[in-house]
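Beneath this line is the structure, given in structure tokens, with notes to follow.
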Amino acid sequence: MAILRIPEQRTTITDADGVRAYLERAQIEYERLPPDPAVPADAPADALLAAYHGTIDALKARGGYVTADVIDVRPDTPGLEGMLAKFSAEHWHDEDEVRLIVEGRGLFHIHPADGPVFALEVEAGDLIRVPKGTHHWFDLCGDRRIRAIRLFQDPSGWTPHYTGSGVDRGFQPVCFGPSYIAPAAPPARA
Ligand SMILES: [Fe+2]
């Protein structure tokens, strides 16, 4: 289940209904699709796409997506730093950003036109649709692992338009997933 934080309001939402309601107001579609036990998360990409074809076809029919692929990022992925730098600067797309997470975790920051920036930490089983034109950026969590099915309306795939605003630099890409260890509280003063 995704975790949603609004740093400006010092608010964290962890209950499913609360996360859904907040995302709905921000026009971000969110669904939980528990992983298919018949296909391991580390199955070859073709097998994964075949296993999820029902979900993929339904999404294609609804959103006009024409292609689907699998993005697979690990700590030892060649060129990882360059790849992450492309994701982690504020940008938008001419098409929706649709991701079904099948393994690992990641952190979307969404910058709505009429509200504060919020962070959405996604994990396996989370399906997110960020509408075209929405300003956002993305970081991996500390374990630097994510595997996700992506859908595209443009067959040429992922094309970002960078805002160059620098807003992204004001937000720490801190995940709160299972491996998060809270910073130690400062010692109490006598
Ligand atoms: Fe994006």
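Ordering of the structure tokens sets the chain letters (A, B, ...), residue numbers begin anew at 1 in every chain, and ligands are numbered from 1 in the order given.
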
- Item | Every residue of range 53-129 of chain A that DSSP places in strand (DSSP E), as a PyMOL selection string | chain A and resi 67-73+91-92+97-111+118-123+126-129

Written selection (N, CA and C atoms) as a CSV table (one decimal), in the first residue's frame:
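Final file, part.csv:
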```
chain,number,residue,atom,x,y,z
A,67,THR,N,1.5,0.6,-26.2
A,67,THR,CA,2.6,-0.3,-25.9
A,67,THR,C,2.8,-0.5,-24.4
A,68,ALA,N,3.4,-1.6,-24.0
A,68,ALA,CA,3.8,-1.9,-22.6
A,68,ALA,C,5.2,-2.5,-22.6
A,69,ASP,N,5.9,-2.1,-21.6
A,69,ASP,CA,7.2,-2.7,-21.4
A,69,ASP,C,7.5,-2.9,-19.9
A,70,VAL,N,8.6,-3.5,-19.6
A,70,VAL,CA,9.0,-3.7,-18.2
A,70,VAL,C,10.3,-2.9,-17.9
A,71,ILE,N,10.3,-2.0,-16.9
A,71,ILE,CA,11.5,-1.4,-16.5
A,71,ILE,C,12.1,-2.1,-15.3
A,72,ASP,N,13.4,-2.4,-15.3
A,72,ASP,CA,14.0,-3.2,-14.3
A,72,ASP,C,15.2,-2.5,-13.8
A,73,VAL,N,15.2,-2.0,-12.6
A,73,VAL,CA,16.3,-1.2,-12.1
A,73,VAL,C,16.9,-1.9,-10.9
A,91,HIS,N,9.6,17.2,-14.2
A,91,HIS,CA,9.3,17.2,-15.6
A,91,HIS,C,7.8,16.8,-15.8
A,92,TRP,N,7.4,16.9,-17.1
A,92,TRP,CA,6.1,16.4,-17.4
A,92,TRP,C,6.2,15.7,-18.7
A,97,GLU,N,1.6,9.0,-17.4
A,97,GLU,CA,2.7,8.1,-16.9
A,97,GLU,C,2.0,7.0,-16.1
A,98,VAL,N,2.0,5.8,-16.6
A,98,VAL,CA,1.3,4.6,-16.0
A,98,VAL,C,2.3,3.6,-15.6
A,99,ARG,N,2.3,3.3,-14.3
A,99,ARG,CA,3.2,2.3,-13.8
A,99,ARG,C,2.5,1.3,-12.8
A,100,LEU,N,2.8,0.0,-13.1
A,100,LEU,CA,2.3,-1.0,-12.2
A,100,LEU,C,3.6,-1.6,-11.6
A,101,ILE,N,3.8,-1.4,-10.3
A,101,ILE,CA,5.0,-1.9,-9.6
A,101,ILE,C,4.9,-3.4,-9.3
A,102,VAL,N,5.9,-4.1,-9.7
A,102,VAL,CA,5.8,-5.6,-9.5
A,102,VAL,C,6.9,-6.0,-8.4
A,103,GLU,N,7.9,-5.2,-8.3
A,103,GLU,CA,8.9,-5.5,-7.2
A,103,GLU,C,9.6,-4.2,-6.8
A,104,GLY,N,10.1,-4.2,-5.6
A,104,GLY,CA,10.8,-3.0,-5.1
A,104,GLY,C,9.9,-1.8,-4.7
A,105,ARG,N,10.5,-0.7,-4.6
A,105,ARG,CA,9.8,0.5,-4.2
A,105,ARG,C,10.3,1.7,-4.9
A,106,GLY,N,9.6,2.8,-4.9
A,106,GLY,CA,10.0,4.1,-5.5
A,106,GLY,C,9.2,5.2,-4.9
A,107,LEU,N,9.7,6.4,-5.2
A,107,LEU,CA,9.1,7.6,-4.6
A,107,LEU,C,8.8,8.6,-5.7
A,108,PHE,N,7.5,8.8,-6.0
A,108,PHE,CA,7.1,9.9,-6.9
A,108,PHE,C,6.9,11.2,-6.1
A,109,HIS,N,7.3,12.3,-6.6
A,109,HIS,CA,6.9,13.6,-6.1
A,109,HIS,C,6.0,14.2,-7.1
A,110,ILE,N,4.8,14.6,-6.7
A,110,ILE,CA,3.8,15.2,-7.6
A,110,ILE,C,3.7,16.7,-7.2
A,111,HIS,N,3.7,17.5,-8.2
A,111,HIS,CA,3.6,19.0,-8.0
A,111,HIS,C,2.4,19.5,-8.7
A,118,PHE,N,3.5,16.8,-3.1
A,118,PHE,CA,3.3,15.7,-2.2
A,118,PHE,C,4.2,14.5,-2.7
A,119,ALA,N,4.6,13.6,-1.8
A,119,ALA,CA,5.4,12.4,-2.2
A,119,ALA,C,4.5,11.2,-2.1
A,120,LEU,N,4.6,10.3,-3.0
A,120,LEU,CA,3.9,9.1,-3.0
A,120,LEU,C,4.9,7.9,-3.1
A,121,GLU,N,5.0,7.2,-2.0
A,121,GLU,CA,5.9,6.0,-2.1
A,121,GLU,C,5.1,4.8,-2.5
A,122,VAL,N,5.6,4.2,-3.6
A,122,VAL,CA,4.8,3.1,-4.2
A,122,VAL,C,5.6,1.8,-3.9
A,123,GLU,N,4.9,0.7,-3.9
A,123,GLU,CA,5.5,-0.6,-3.7
A,123,GLU,C,4.8,-1.7,-4.6
A,126,ASP,N,1.1,-1.7,-6.5
A,126,ASP,CA,0.5,-0.4,-6.7
A,126,ASP,C,0.5,0.0,-8.2
A,127,LEU,N,-0.7,0.4,-8.6
A,127,LEU,CA,-0.8,0.9,-10.0
A,127,LEU,C,-1.1,2.4,-9.9
A,128,ILE,N,-0.3,3.2,-10.6
A,128,ILE,CA,-0.5,4.6,-10.6
A,128,ILE,C,-0.6,5.2,-12.0
A,129,ARG,N,-1.5,6.2,-12.2
A,129,ARG,CA,-1.6,6.9,-13.5
A,129,ARG,C,-1.5,8.3,-13.2
```

**Report entry** All residues 9 Å or closer to range 22-33 of chain A, only C-alpha atoms, same chain fewer than 3 positions away omitted, as a PyMOL selection string
**Finding:** chain A and resi 1-2+4+13+17-19+36+100+112+114-115+124-131

List every residue of chain A that has an atom at most 8 Å from any atom of ligand 1, and for each one report the closest atom pair and its distance in Å to one decimal, counting only C-alpha atoms and all ligand atoms, with rows sorted by chain and then by increasing residue number, as a tab-separated table.
```
residue	atom	partner	partner_atom_place_in_ligand_line	distance
A:Phe87	CA	ligand 1	1 (Fe)	6.4
A:His91	CA	ligand 1	1 (Fe)	6.3
A:Trp92	CA	ligand 1	1 (Fe)	5.9
A:His93	CA	ligand 1	1 (Fe)	6.4
A:Glu97	CA	ligand 1	1 (Fe)	6.1
A:His136	CA	ligand 1	1 (Fe)	6.3
A:Trp137	CA	ligand 1	1 (Fe)	6.0
A:Phe138	CA	ligand 1	1 (Fe)	7.0
A:Trp158	CA	ligand 1	1 (Fe)	7.5
A:Thr159	CA	ligand 1	1 (Fe)	7.9
A:Pro160	CA	ligand 1	1 (Fe)	6.2
```

Store the residues of this selection in a file with N, CA, C and O atoms, as a short mmCIF file (atom, residue, chain, number, x, y, z; two decimals), in the first residue's frame.
```cif
data_model
loop_
_atom_site.label_atom_id
_atom_site.label_comp_id
_atom_site.auth_asym_id
_atom_site.auth_seq_id
_atom_site.Cartn_x
_atom_site.Cartn_y
_atom_site.Cartn_z
N PHE A 87 15.26 10.92 -14.18
CA PHE A 87 13.95 10.77 -13.53
C PHE A 87 13.74 11.82 -12.44
O PHE A 87 12.61 12.19 -12.15
N HIS A 91 9.65 17.24 -14.21
CA HIS A 91 9.31 17.16 -15.63
C HIS A 91 7.84 16.83 -15.81
O HIS A 91 7.13 16.52 -14.84
N TRP A 92 7.41 16.89 -17.05
CA TRP A 92 6.08 16.39 -17.40
C TRP A 92 6.17 15.67 -18.73
O TRP A 92 7.20 15.71 -19.41
N HIS A 93 5.07 15.00 -19.10
CA HIS A 93 5.03 14.27 -20.38
C HIS A 93 3.79 14.69 -21.15
O HIS A 93 2.81 15.16 -20.57
N GLU A 97 1.63 8.96 -17.36
CA GLU A 97 2.69 8.06 -16.87
C GLU A 97 1.98 6.97 -16.07
O GLU A 97 1.41 7.23 -15.01
N HIS A 136 6.08 16.36 -12.10
CA HIS A 136 6.44 15.31 -11.15
C HIS A 136 7.91 14.97 -11.31
O HIS A 136 8.57 15.40 -12.28
N TRP A 137 8.43 14.18 -10.37
CA TRP A 137 9.75 13.58 -10.51
C TRP A 137 9.77 12.28 -9.73
O TRP A 137 8.82 11.98 -9.00
N PHE A 138 10.83 11.51 -9.88
CA PHE A 138 10.85 10.16 -9.32
C PHE A 138 12.24 9.81 -8.81
O PHE A 138 13.25 10.12 -9.45
N TRP A 158 9.26 6.80 -23.30
CA TRP A 158 9.36 7.79 -22.23
C TRP A 158 10.07 9.07 -22.72
O TRP A 158 11.26 9.04 -23.01
N THR A 159 9.31 10.15 -22.83
CA THR A 159 9.90 11.42 -23.25
C THR A 159 9.57 12.49 -22.21
O THR A 159 8.41 12.81 -22.01
N PRO A 160 10.58 13.01 -21.51
CA PRO A 160 10.32 14.03 -20.49
C PRO A 160 10.47 15.45 -21.05
O PRO A 160 11.26 15.69 -21.97
#
```

Calculate how many Å separate CA of Gly164 in chain A from CA of Pro116 in chain A, rounding to one decimal.
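Atom-to-atom, CA of Gly164 in chain A to CA of Pro116 in chain A, that is 17.9 Å.
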
Exercise for the section: Rank nothing, just name the residue among A:Pro7, A:Gly166, A:Gly64, A:Pro35 nearest to Ala148 in chain A, using only C-alpha atoms. Expected result: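 Looking only at the distances to Ala148 in chain A, the closest residue turns out to be A:Pro35.
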
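Near Leu49 in chain A, within 9 Å and counting only C-alpha atoms, sit Pro44, Ala45, Asp46, Ala47, Ala51, Tyr52, His53, Ile56, Ala68, Asp69, Val70 and Ile149 of chain A, not including residues fewer than 2 positions from it in the same chain.
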